[in-house]
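Colleague: The structure file run15.cif (mmCIF, C-alpha atoms) is provided below.
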data_work
#
loop_
_atom_site.label_atom_id
_atom_site.label_comp_id
_atom_site.auth_asym_id
_atom_site.auth_seq_id
_atom_site.Cartn_x
_atom_site.Cartn_y
_atom_site.Cartn_z
CA MET A 181 0.00 0.00 0.00
CA SER A 182 1.20 3.51 -0.75
CA PRO A 183 -0.38 5.93 1.73
CA ALA A 184 1.04 8.84 -0.21
CA ALA A 185 -1.19 7.91 -3.15
CA ALA A 186 -4.30 9.85 -4.06
CA ALA A 187 -7.13 9.90 -1.51
CA ARG A 188 -10.63 11.18 -1.40
CA VAL A 189 -11.68 12.87 1.82
CA THR A 190 -14.55 14.99 3.04
CA SER A 191 -15.85 16.13 6.40
CA PHE A 192 -18.75 14.42 8.14
CA ALA A 193 -19.97 17.93 8.84
CA ALA A 194 -20.31 18.46 5.10
CA THR A 195 -22.53 15.40 4.91
CA PHE A 196 -24.75 15.81 7.94
CA SER A 197 -25.03 19.60 8.21
CA ALA A 198 -26.78 21.66 5.57
CA SER A 199 -24.88 24.68 6.79
CA THR A 200 -21.46 23.14 6.20
CA ALA A 201 -20.33 22.10 2.74
CA PRO A 202 -17.06 21.98 0.83
CA SER A 203 -16.70 25.22 -1.09
CA SER A 204 -13.92 24.07 -3.39
CA ARG A 205 -12.33 20.88 -4.62
CA GLY A 206 -9.43 19.51 -2.63
CA LEU A 207 -10.31 21.28 0.63
CA LEU A 208 -11.72 19.87 3.83
CA HIS A 209 -14.03 22.11 5.85
CA ARG A 210 -14.88 21.48 9.49
CA PRO A 211 -16.61 23.63 12.10
CA PHE A 212 -14.34 24.37 15.05
CA ARG A 213 -15.77 23.66 18.50
CA GLY A 214 -16.86 26.79 20.29
CA THR A 215 -16.90 28.91 17.12
CA PRO A 216 -19.64 27.40 14.91
CA ALA A 217 -19.84 30.43 12.67
CA HIS A 218 -16.14 30.32 11.87
CA ARG A 219 -14.72 27.71 9.54
CA ARG A 220 -11.22 27.20 8.27
CA ALA A 221 -10.15 25.30 5.16
CA VAL A 222 -7.74 22.54 6.08
CA ALA A 223 -5.44 21.11 3.44
CA SER A 224 -5.83 17.33 3.35
CA MET A 225 -4.95 14.30 1.31
CA ALA A 226 -8.09 15.06 -0.66
CA VAL A 227 -8.02 15.67 -4.37
CA SER A 228 -11.77 16.02 -4.71
CA ALA A 229 -14.94 15.82 -2.68
CA PRO A 230 -17.25 12.82 -3.08
CA ARG A 231 -20.29 13.64 -5.16
CA SER A 232 -22.60 11.61 -2.95
CA SER A 233 -24.50 13.72 -0.43
CA ALA A 234 -25.24 10.83 1.94
CA ALA A 235 -22.74 9.26 4.29
CA ALA A 236 -24.70 6.03 4.13
CA SER A 237 -24.06 5.66 0.41
CA PHE A 238 -20.36 6.16 1.03
CA LEU A 239 -20.22 3.70 3.89
CA GLU A 240 -22.11 1.10 1.86
CA ARG A 241 -19.30 0.94 -0.69
CA ARG A 242 -17.06 -2.06 -0.31
CA GLU A 243 -13.32 -2.05 -0.71
CA SER A 244 -12.48 -2.17 -4.39
CA GLU A 245 -9.29 -3.59 -5.76
CA ARG A 246 -7.60 -0.21 -5.41
CA ALA A 247 -9.51 1.79 -2.78
CA LEU A 248 -9.81 1.34 0.98
CA HIS A 249 -12.79 3.21 2.43
CA PHE A 250 -12.43 4.49 5.98
CA VAL A 251 -13.84 6.85 8.57
CA LYS A 252 -11.61 8.84 10.91
CA TYR A 253 -12.86 8.98 14.52
CA GLN A 254 -11.42 10.51 17.67
CA GLY A 255 -12.03 10.06 21.38
CA LEU A 256 -10.49 12.96 23.32
CA GLY A 257 -7.91 13.36 20.58
CA ASN A 258 -6.96 9.67 20.53
CA ASP A 259 -7.67 9.13 16.83
CA PHE A 260 -8.38 6.04 14.77
CA ILE A 261 -8.95 4.97 11.19
CA MET A 262 -12.14 2.88 11.23
CA VAL A 263 -12.64 0.22 8.56
CA ASP A 264 -15.80 -1.83 7.98
CA TYR A 265 -14.88 -5.50 7.53
CA ARG A 266 -18.16 -7.04 8.70
CA ASP A 267 -17.93 -9.43 5.74
CA SER A 268 -14.40 -10.63 6.47
CA ALA A 269 -12.90 -13.00 9.03
CA GLU A 270 -9.47 -11.31 8.82
CA PRO A 271 -8.31 -7.73 8.23
CA LYS A 272 -7.37 -7.05 4.62
CA VAL A 273 -4.82 -4.52 5.82
CA THR A 274 -1.45 -5.81 7.00
CA PRO A 275 0.27 -4.49 10.14
CA GLU A 276 2.88 -2.89 7.86
CA ASP A 277 0.16 -1.15 5.84
CA ALA A 278 -1.52 0.01 9.06
CA ALA A 279 1.71 1.67 10.21
CA LYS A 280 1.90 3.51 6.88
CA LEU A 281 -1.74 4.59 7.10
CA CYS A 282 -1.13 5.99 10.60
CA ASP A 283 1.85 8.08 9.50
CA ARG A 284 0.89 11.73 10.04
CA ASN A 285 3.10 13.00 7.24
CA PHE A 286 2.78 10.36 4.53
CA GLY A 287 -0.50 8.64 5.45
CA ILE A 288 -3.91 9.49 6.81
CA GLY A 289 -2.56 9.99 10.33
CA ALA A 290 -3.85 8.18 13.43
CA ASP A 291 -2.93 6.39 16.64
CA GLY A 292 -4.27 3.13 15.22
CA VAL A 293 -6.42 1.33 12.66
CA ILE A 294 -9.57 -0.38 13.97
CA PHE A 295 -11.48 -3.07 12.09
CA VAL A 296 -15.19 -3.87 12.59
CA MET A 297 -15.52 -7.62 12.02
CA PRO A 298 -18.15 -10.34 12.51
CA GLY A 299 -18.91 -11.34 16.09
CA VAL A 300 -17.87 -14.69 17.54
CA ASN A 301 -18.91 -16.64 20.63
CA GLY A 302 -22.21 -14.79 20.97
CA ALA A 303 -20.77 -11.31 20.48
CA ASP A 304 -22.41 -8.84 18.07
CA TYR A 305 -19.08 -7.75 16.57
CA THR A 306 -15.35 -8.36 16.82
CA MET A 307 -12.87 -5.51 17.26
CA ARG A 308 -9.31 -5.79 15.96
CA ILE A 309 -6.78 -2.98 16.15
CA PHE A 310 -3.29 -2.31 14.84
CA ASN A 311 -1.23 0.38 16.60
CA SER A 312 0.66 3.06 14.72
CA ASP A 313 3.79 0.88 14.88
CA GLY A 314 1.94 -2.11 13.40
CA SER A 315 1.68 -4.06 16.67
CA GLU A 316 -1.68 -5.47 17.75
CA PRO A 317 -2.88 -4.70 21.30
CA GLU A 318 -5.55 -6.67 23.11
CA MET A 319 -8.02 -3.75 22.98
CA CYS A 320 -8.27 0.03 23.34
CA GLY A 321 -10.64 1.95 25.63
CA ASN A 322 -10.96 5.11 23.53
CA GLY A 323 -11.06 2.94 20.45
CA VAL A 324 -14.00 0.89 21.72
CA ARG A 325 -16.04 4.09 22.21
CA CYS A 326 -15.22 5.10 18.63
CA PHE A 327 -16.10 1.54 17.57
CA ALA A 328 -19.57 1.87 19.14
CA ARG A 329 -20.29 5.20 17.46
CA PHE A 330 -19.04 3.85 14.12
CA ILE A 331 -21.38 0.85 14.44
CA ALA A 332 -24.30 3.22 15.08
CA GLU A 333 -23.40 5.11 11.90
CA ILE A 334 -23.03 2.13 9.57
CA GLU A 335 -26.10 0.39 11.03
CA ASN A 336 -28.07 3.68 11.00
CA LEU A 337 -29.02 3.32 14.68
CA LYS A 338 -30.58 6.16 16.67
CA GLY A 339 -30.92 6.72 20.42
CA THR A 340 -29.43 4.49 23.10
CA HIS A 341 -27.88 1.18 22.08
CA SER A 342 -25.47 -1.33 23.59
CA PHE A 343 -23.32 -3.93 21.86
CA LYS A 344 -21.39 -7.04 22.84
CA ILE A 345 -17.93 -6.71 21.36
CA HIS A 346 -15.38 -9.51 21.24
CA THR A 347 -11.83 -8.23 21.80
CA GLY A 348 -8.45 -9.68 22.63
CA ALA A 349 -9.19 -8.66 26.23
CA GLY A 350 -12.51 -10.51 26.32
CA LEU A 351 -16.10 -9.32 26.00
CA ILE A 352 -16.55 -5.53 26.21
CA ILE A 353 -19.99 -3.90 26.36
CA PRO A 354 -20.28 -0.24 25.30
CA GLU A 355 -23.57 1.66 25.55
CA ILE A 356 -24.35 4.79 23.55
CA GLN A 357 -26.19 7.22 25.82
CA ASN A 358 -28.75 9.93 25.10
CA ASP A 359 -26.14 12.70 25.31
CA GLY A 360 -24.02 10.99 22.67
CA LYS A 361 -21.33 9.85 25.10
CA VAL A 362 -20.44 6.18 25.33
CA LYS A 363 -20.39 4.30 28.63
CA VAL A 364 -18.33 1.13 28.55
CA ASP A 365 -18.32 -1.80 30.95
CA MET A 366 -14.59 -2.54 30.85
CA GLY A 367 -14.89 -5.65 33.02
CA GLN A 368 -12.79 -6.54 36.05
CA PRO A 369 -9.22 -5.34 36.47
CA ILE A 370 -6.51 -7.99 36.60
CA LEU A 371 -4.22 -7.46 39.57
CA ASN A 372 -2.19 -10.65 39.81
CA GLY A 373 1.32 -9.58 38.86
CA SER A 374 2.12 -12.57 36.67
CA ASP A 375 -1.12 -12.06 34.73
CA VAL A 376 -0.56 -8.33 34.04
CA PRO A 377 2.19 -9.40 33.18
CA THR A 378 5.12 -8.06 35.19
CA LYS A 379 8.17 -9.65 36.78
CA LEU A 380 8.03 -7.21 39.70
CA PRO A 381 7.43 -9.03 42.98
CA SER A 382 3.98 -8.85 44.55
CA THR A 383 3.64 -6.42 47.45
CA LYS A 384 -0.04 -6.77 48.39
CA ASN A 385 -1.49 -10.29 48.26
CA GLU A 386 -0.76 -11.24 44.63
CA ALA A 387 -0.86 -7.63 43.39
CA VAL A 388 2.03 -5.29 42.61
CA VAL A 389 1.20 -2.11 44.53
CA GLN A 390 3.71 0.71 45.07
CA ALA A 391 6.61 -1.50 44.07
CA GLU A 392 9.95 0.12 43.31
CA LEU A 393 11.15 0.31 39.71
CA ALA A 394 14.60 1.77 39.01
CA ILE A 395 14.74 4.02 35.94
CA ASP A 396 17.26 6.80 35.28
CA GLY A 397 18.58 6.69 38.80
CA LEU A 398 15.15 7.18 40.36
CA ALA A 399 13.19 4.62 42.38
CA TRP A 400 9.71 5.00 40.89
CA HIS A 401 6.76 3.71 42.91
CA VAL A 402 4.55 1.75 40.52
CA THR A 403 1.28 -0.17 40.68
CA CYS A 404 0.62 -2.68 37.91
CA VAL A 405 -2.88 -3.26 36.54
CA SER A 406 -4.22 -5.02 33.47
CA MET A 407 -7.46 -3.95 31.82
CA GLY A 408 -6.93 -6.72 29.31
CA ASN A 409 -3.72 -4.89 28.36
CA PRO A 410 -0.80 -4.12 30.71
CA HIS A 411 -0.45 -0.82 32.58
CA CYS A 412 2.22 0.54 34.90
CA VAL A 413 0.84 3.42 36.98
CA THR A 414 3.05 5.80 38.91
CA PHE A 415 2.26 8.74 41.19
CA GLY A 416 5.95 9.59 41.66
CA ALA A 417 9.34 8.34 42.81
CA LYS A 418 11.10 8.09 46.16
CA GLU A 419 13.19 11.09 45.14
CA LEU A 420 10.24 12.88 43.51
CA LYS A 421 7.42 13.24 46.03
CA ASP A 422 5.30 15.77 44.13
CA LEU A 423 4.88 14.68 40.53
CA HIS A 424 3.85 17.44 38.12
CA VAL A 425 2.93 15.54 34.97
CA ASP A 426 3.18 18.57 32.67
CA ASP A 427 6.90 18.82 33.46
CA LEU A 428 7.68 15.31 32.18
CA LYS A 429 9.36 14.74 28.84
CA LEU A 430 7.47 11.60 27.85
CA SER A 431 9.56 10.93 24.77
CA ASP A 432 12.56 10.39 27.06
CA ILE A 433 11.08 8.56 30.02
CA GLY A 434 8.18 6.69 28.35
CA PRO A 435 10.18 4.20 26.26
CA LYS A 436 12.28 3.27 29.30
CA PHE A 437 9.15 2.10 31.10
CA GLU A 438 7.63 0.46 28.01
CA HIS A 439 10.69 -1.66 27.24
CA HIS A 440 11.83 -2.32 30.82
CA GLU A 441 12.82 -5.93 31.46
CA MET A 442 10.21 -6.15 34.23
CA PHE A 443 7.47 -6.06 31.57
CA PRO A 444 7.80 -9.10 29.28
CA ALA A 445 4.92 -7.95 27.02
CA ARG A 446 6.03 -4.30 27.25
CA THR A 447 3.65 -1.91 29.02
CA ASN A 448 1.56 1.21 28.82
CA THR A 449 2.65 3.77 31.42
CA GLU A 450 0.55 6.38 33.20
CA PHE A 451 2.07 9.29 35.13
CA VAL A 452 -0.50 10.66 37.57
CA GLN A 453 -1.03 13.79 39.62
CA VAL A 454 -3.70 13.74 42.36
CA LEU A 455 -5.79 16.92 42.33
CA SER A 456 -8.39 15.71 44.85
CA ARG A 457 -10.03 12.50 46.10
CA SER A 458 -12.20 12.51 42.99
CA HIS A 459 -10.03 14.26 40.40
CA LEU A 460 -6.83 12.96 38.79
CA LYS A 461 -4.60 14.31 36.05
CA MET A 462 -2.58 11.93 33.90
CA ARG A 463 -0.29 11.68 30.91
CA VAL A 464 0.28 8.44 29.10
CA TRP A 465 2.95 6.67 27.10
CA GLU A 466 1.16 3.96 25.14
CA ARG A 467 2.77 0.70 24.19
CA GLY A 468 3.16 0.75 20.43
CA ALA A 469 1.84 4.30 19.97
CA GLY A 470 3.96 6.55 22.20
CA ALA A 471 2.58 9.72 23.77
CA THR A 472 -1.12 10.13 22.99
CA LEU A 473 -3.77 12.64 24.03
CA ALA A 474 -5.86 10.01 25.81
CA CYS A 475 -5.96 6.35 26.81
CA GLY A 476 -9.22 4.83 28.04
CA THR A 477 -7.83 1.64 29.52
CA GLY A 478 -5.08 3.75 31.06
CA ALA A 479 -7.59 6.02 32.79
CA CYS A 480 -9.34 2.92 34.16
CA ALA A 481 -6.05 1.49 35.42
CA VAL A 482 -5.19 4.83 37.05
CA VAL A 483 -8.37 4.86 39.15
CA VAL A 484 -7.87 1.23 40.17
CA ALA A 485 -4.28 2.01 41.19
CA ALA A 486 -5.34 5.17 43.05
CA VAL A 487 -7.92 3.20 45.05
CA LEU A 488 -5.44 0.43 45.84
CA GLU A 489 -2.97 3.03 47.09
CA GLY A 490 -5.67 4.80 49.15
CA ARG A 491 -5.42 8.05 47.20
CA THR A 492 -8.99 8.45 45.86
CA GLU A 493 -12.57 7.31 45.98
CA ARG A 494 -13.85 4.73 43.49
CA LYS A 495 -15.50 7.31 41.22
CA CYS A 496 -13.22 9.92 39.64
CA VAL A 497 -12.82 12.34 36.79
CA VAL A 498 -9.54 11.65 35.05
CA GLU A 499 -8.12 14.64 33.19
CA LEU A 500 -6.11 13.74 30.09
CA PRO A 501 -4.44 16.08 27.59
CA GLY A 502 -7.41 15.52 25.25
CA GLY A 503 -10.10 16.06 27.90
CA PRO A 504 -11.84 14.32 30.83
CA LEU A 505 -13.10 10.77 31.27
CA GLU A 506 -15.46 9.60 34.00
CA ILE A 507 -14.22 6.39 35.61
CA GLU A 508 -15.90 4.27 38.28
CA TRP A 509 -14.58 1.07 39.86
CA ARG A 510 -17.71 -0.42 41.39
CA GLU A 511 -17.36 -2.37 44.59
CA ASP A 512 -20.50 -4.49 44.11
CA ASN A 513 -19.35 -6.29 40.96
CA ASN A 514 -15.66 -5.30 40.72
CA HIS A 515 -16.25 -3.91 37.20
CA VAL A 516 -14.71 -0.69 35.89
CA TYR A 517 -16.93 1.69 33.91
CA MET A 518 -15.65 4.38 31.58
CA THR A 519 -17.77 7.21 30.14
CA GLY A 520 -16.59 9.66 27.51
CA PRO A 521 -17.11 11.09 24.02
CA ALA A 522 -16.32 9.74 20.56
CA GLU A 523 -16.78 11.73 17.37
CA ALA A 524 -16.48 11.27 13.64
CA VAL A 525 -13.91 13.58 12.07
CA PHE A 526 -14.03 12.78 8.36
CA TYR A 527 -14.48 9.92 5.92
CA GLY A 528 -12.63 9.06 2.78
CA SER A 529 -10.89 6.50 0.63
CA ILE A 530 -7.25 5.87 -0.06
CA VAL A 531 -5.88 4.22 -3.17
CA HIS A 532 -3.59 1.20 -2.78
#
In structure tokens, write the structure found in this file.
Modeller:
Amino acid sequence: MSPAAAARVTSFAATFSASTAPSSRGLLHRPFRGTPAHRRAVASMAVSAPRSSAAASFLERRESERALHFVKYQGLGNDFIMVDYRDSAEPKVTPEDAAKLCDRNFGIGADGVIFVMPGVNGADYTMRIFNSDGSEPEMCGNGVRCFARFIAEIENLKGTHSFKIHTGAGLIIPEIQNDGKVKVDMGQPILNGSDVPTKLPSTKNEAVVQAELAIDGLAWHVTCVSMGNPHCVTFGAKELKDLHVDDLKLSDIGPKFEHHEMFPARTNTEFVQVLSRSHLKMRVWERGAGATLACGTGACAVVVAAVLEGRTERKCVVELPGGPLEIEWREDNNHVYMTGPAEAVFYGSIVH
């Protein structure tokens, strides 16, 4: 696949809003949040706007020999290329192609490519995802919210709906709510250290809570949680009592956590600042994607870790660079629930 090849892109706003339409060929127009009257033309991969006025007609097209049809979605700035493969048992895009598609200079640009596929074992759908480096994670919290909204679009569903989605992390159940946000039952956190997995010794029953991890001469205190994918959560180091997450240079420190020998499957890493008993601020270095604006499973892991360390209540707002997520770790069923937005950005096709 050559992501630098010609593509055809247009804004969802141009399709669904009578007040927003492309004014010239080769330009993408989108309303900016907070300033609906103001619009700016954004240069894109587009060479022309689709003639069809209905998104449904676009989404109904199947992949031709030369064109891959996609929809770009974002959840708090964590962005994904969504592809409809409900008629295929395997993705028709290779991990190498996915990495090229995610390139922000020579491709479409995204944190990952997500495939909607037929459900198995009683699930309505199957979710597969390739990260921007071509690796395949078990699942993605922000991605599953985008997945639910994408399903509603291609199935033309209105109002509240829930789906059973098969993922590499097990069955995930998102529910589209009346306000457009998506609430997701993320299941139970995995706390047994060997199942996360991590080689760090257990410190609390079988869990790894406030264990010491040596990186760059600092003894970081870390709590390890799996939400179906591994997370290392830190609120600071022995030598760094008050962690100010905005001061961190993630590109330096993040890879050292991700590839540390204590994490045999690598790890996502969350750096957390406690603002109150119900309000946390975090930055994330994602395994296979690097620094991103948001991570849903990471936000869930952060609240679990904060509760285990006695820092917060079970229901918190987690502030990420892309915006807030509402996270609750319920005591009655041990499930973690995540609520947040997911929005379509644009749709298009790219030529192989």
Colleague: Find the spatial neighbours of Glu438 in chain A, counting all atoms listed in the file, within a cut-off of 10 Å - ignore same-chain residues fewer than 4 positions away - and output them as a VMD selection string.
Modeller: chain A and resid 410 to 412 433 to 434 442 to 449 465 to 468 470
Colleague: What do you get, as a PyMOL selection string, if you spell out every residue that the PyMOL selection byres ((chain A and resi 363) around 7) selects here?
Modeller: chain A and resi 354-356+361-362+364-365+517-520
Colleague: Restrict the selected residues to C-alpha atoms and save them as a tab-separated table (two decimals), in the coordinates of the input.
Modeller:
chain	number	residue	atom	x	y	z
A	354	PRO	CA	-20.28	-0.24	25.30
A	355	GLU	CA	-23.57	1.66	25.55
A	356	ILE	CA	-24.35	4.79	23.55
A	361	LYS	CA	-21.33	9.85	25.10
A	362	VAL	CA	-20.44	6.18	25.33
A	364	VAL	CA	-18.33	1.13	28.55
A	365	ASP	CA	-18.32	-1.80	30.95
A	517	TYR	CA	-16.93	1.69	33.91
A	518	MET	CA	-15.65	4.38	31.58
A	519	THR	CA	-17.77	7.21	30.14
A	520	GLY	CA	-16.59	9.66	27.51
Colleague: Write out as a JSON list (two decimals) with C-alpha atoms, in the coordinates of the input the residues lying within 7 Å of range 295-300 of chain A, counting all atoms listed in the file and excluding same-chain residues fewer than 5 positions away.
Modeller:
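Wrote around.json, looks like this:
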[["chain", "number", "residue", "atom", "x", "y", "z"],
["A", 262, "MET", "CA", -12.14, 2.88, 11.23],
["A", 263, "VAL", "CA", -12.64, 0.22, 8.56],
["A", 264, "ASP", "CA", -15.80, -1.83, 7.98],
["A", 265, "TYR", "CA", -14.88, -5.50, 7.53],
["A", 266, "ARG", "CA", -18.16, -7.04, 8.70],
["A", 267, "ASP", "CA", -17.93, -9.43, 5.74],
["A", 268, "SER", "CA", -14.40, -10.63, 6.47],
["A", 269, "ALA", "CA", -12.90, -13.00, 9.03],
["A", 271, "PRO", "CA", -8.31, -7.73, 8.23],
["A", 305, "TYR", "CA", -19.08, -7.75, 16.57],
["A", 306, "THR", "CA", -15.35, -8.36, 16.82],
["A", 307, "MET", "CA", -12.87, -5.51, 17.26],
["A", 308, "ARG", "CA", -9.31, -5.79, 15.96],
["A", 309, "ILE", "CA", -6.78, -2.98, 16.15],
["A", 346, "HIS", "CA", -15.38, -9.51, 21.24]]
Colleague: Once the PyMOL selection byres ((chain A and resi 405) around 7) has been applied to the shown file, what residues remain in the selection, as a list in words?
Modeller: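 Written out, the selection comes to Pro369, Ile370, Leu371, Val376, Thr403, Cys404, Ser406, Met407, Pro410, His411, Cys412 and Ala481 of chain A.
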Colleague: For the selection you just gave me, I'd like the residues written to a file as a compact mmCIF listing (two decimals), in the frame of the given file, keeping C-alpha atoms.
Modeller:
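As a result, out-v8.txt now contains:
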# COMPACT_ATOMS: atom_id res chain seq x y z
CA PRO A 369 -9.22 -5.34 36.47
CA ILE A 370 -6.51 -7.99 36.60
CA LEU A 371 -4.22 -7.46 39.57
CA VAL A 376 -0.56 -8.33 34.04
CA THR A 403 1.28 -0.17 40.68
CA CYS A 404 0.62 -2.68 37.91
CA SER A 406 -4.22 -5.02 33.47
CA MET A 407 -7.46 -3.95 31.82
CA PRO A 410 -0.80 -4.12 30.71
CA HIS A 411 -0.45 -0.82 32.58
CA CYS A 412 2.22 0.54 34.90
CA ALA A 481 -6.05 1.49 35.42
Colleague: Find the distance between CA of His459 in chain A and CA of Thr492 in chain A and write it in Å to one decimal.
Modeller: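 Separating CA of His459 in chain A from CA of Thr492 in chain A is a distance of 8.0 Å.
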Colleague: Just give me the gap between CA of Ser382 in chain A and CA of Trp509 in chain A in Å, one decimal is fine.
Modeller: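 Interatomic distance, CA of Ser382 in chain A to CA of Trp509 in chain A: 21.6 Å.
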Colleague: Find, counting all atoms listed in the file, the residue in A:Ser431, A:Ser374, A:Thr274, A:Thr383 that gets nearest to Asn311 in chain A.
Modeller: A:Thr274
Colleague: Carefully work through the PyMOL selection byres ((chain A and resi 505) around 8) for this structure and note down the residues it includes, as a ChimeraX atom specification.
Modeller: /A:476,479,497-500,503-504,506-507,518-520
Colleague: One number please: CA of Leu455 in chain A to CA of Glu392 in chain A, in Å, one decimal.
Modeller: 23.0 Å
Colleague: In terms of the shortest atom-to-atom distance over all atoms listed in the file, which of A:Glu441, A:Ile395, A:Phe451, A:Ala290 is closest to His424 in chain A?
Modeller: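 The closest residue to His424 in chain A is A:Phe451.
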Colleague: What's the 7 Å shell around Asp304 in chain A, counting all atoms listed in the file, without same-chain residues fewer than 4 positions away, as a PyMOL selection string?
Modeller: chain A and resi 299+343-345
Colleague: Using only C-alpha atoms, please write the residues we just selected to a file, as a JSON list (two decimals), in the coordinates of the input.
Modeller:
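Result went into out.json, see below:
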[["chain", "number", "residue", "atom", "x", "y", "z"],
["A", 299, "GLY", "CA", -18.91, -11.34, 16.09],
["A", 343, "PHE", "CA", -23.32, -3.93, 21.86],
["A", 344, "LYS", "CA", -21.39, -7.04, 22.84],
["A", 345, "ILE", "CA", -17.93, -6.71, 21.36]]
Colleague: Write range 398-413 of chain A as a JSON list (two decimals), in the coordinates of the input, completed to N, CA and C atoms.
Modeller:
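Heads up, here's the output in out-v2.json:
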[["chain", "number", "residue", "atom", "x", "y", "z"],
["A", 398, "LEU", "N", 16.25, 6.91, 39.44],
["A", 398, "LEU", "CA", 15.15, 7.18, 40.36],
["A", 398, "LEU", "C", 14.44, 5.88, 40.71],
["A", 399, "ALA", "N", 13.97, 5.78, 41.94],
["A", 399, "ALA", "CA", 13.19, 4.62, 42.38],
["A", 399, "ALA", "C", 11.71, 4.98, 42.27],
["A", 400, "TRP", "N", 11.11, 4.68, 41.13],
["A", 400, "TRP", "CA", 9.71, 5.00, 40.89],
["A", 400, "TRP", "C", 8.81, 4.03, 41.66],
["A", 401, "HIS", "N", 7.76, 4.55, 42.26],
["A", 401, "HIS", "CA", 6.76, 3.71, 42.91],
["A", 401, "HIS", "C", 5.68, 3.40, 41.88],
["A", 402, "VAL", "N", 5.47, 2.12, 41.59],
["A", 402, "VAL", "CA", 4.55, 1.75, 40.52],
["A", 402, "VAL", "C", 3.53, 0.73, 41.01],
["A", 403, "THR", "N", 2.34, 0.82, 40.46],
["A", 403, "THR", "CA", 1.28, -0.17, 40.68],
["A", 403, "THR", "C", 0.90, -0.73, 39.32],
["A", 404, "CYS", "N", 0.86, -2.03, 39.20],
["A", 404, "CYS", "CA", 0.62, -2.68, 37.91],
["A", 404, "CYS", "C", -0.80, -3.23, 37.83],
["A", 405, "VAL", "N", -1.48, -2.88, 36.75],
["A", 405, "VAL", "CA", -2.88, -3.26, 36.54],
["A", 405, "VAL", "C", -3.04, -3.67, 35.08],
["A", 406, "SER", "N", -3.83, -4.69, 34.84],
["A", 406, "SER", "CA", -4.22, -5.02, 33.47],
["A", 406, "SER", "C", -5.71, -4.79, 33.30],
["A", 407, "MET", "N", -6.06, -4.08, 32.23],
["A", 407, "MET", "CA", -7.46, -3.95, 31.82],
["A", 407, "MET", "C", -7.66, -4.77, 30.54],
["A", 408, "GLY", "N", -6.99, -5.92, 30.53],
["A", 408, "GLY", "CA", -6.93, -6.72, 29.31],
["A", 408, "GLY", "C", -5.66, -6.40, 28.54],
["A", 409, "ASN", "N", -5.04, -5.27, 28.86],
["A", 409, "ASN", "CA", -3.72, -4.89, 28.36],
["A", 409, "ASN", "C", -2.92, -4.33, 29.54],
["A", 410, "PRO", "N", -1.60, -4.44, 29.52],
["A", 410, "PRO", "CA", -0.80, -4.12, 30.71],
["A", 410, "PRO", "C", -0.60, -2.62, 30.94],
["A", 411, "HIS", "N", -0.66, -2.22, 32.20],
["A", 411, "HIS", "CA", -0.45, -0.82, 32.58],
["A", 411, "HIS", "C", 0.45, -0.74, 33.80],
["A", 412, "CYS", "N", 1.36, 0.21, 33.77],
["A", 412, "CYS", "CA", 2.22, 0.54, 34.90],
["A", 412, "CYS", "C", 1.86, 1.97, 35.31],
["A", 413, "VAL", "N", 1.33, 2.12, 36.51],
["A", 413, "VAL", "CA", 0.84, 3.42, 36.98],
["A", 413, "VAL", "C", 1.77, 3.95, 38.05]]
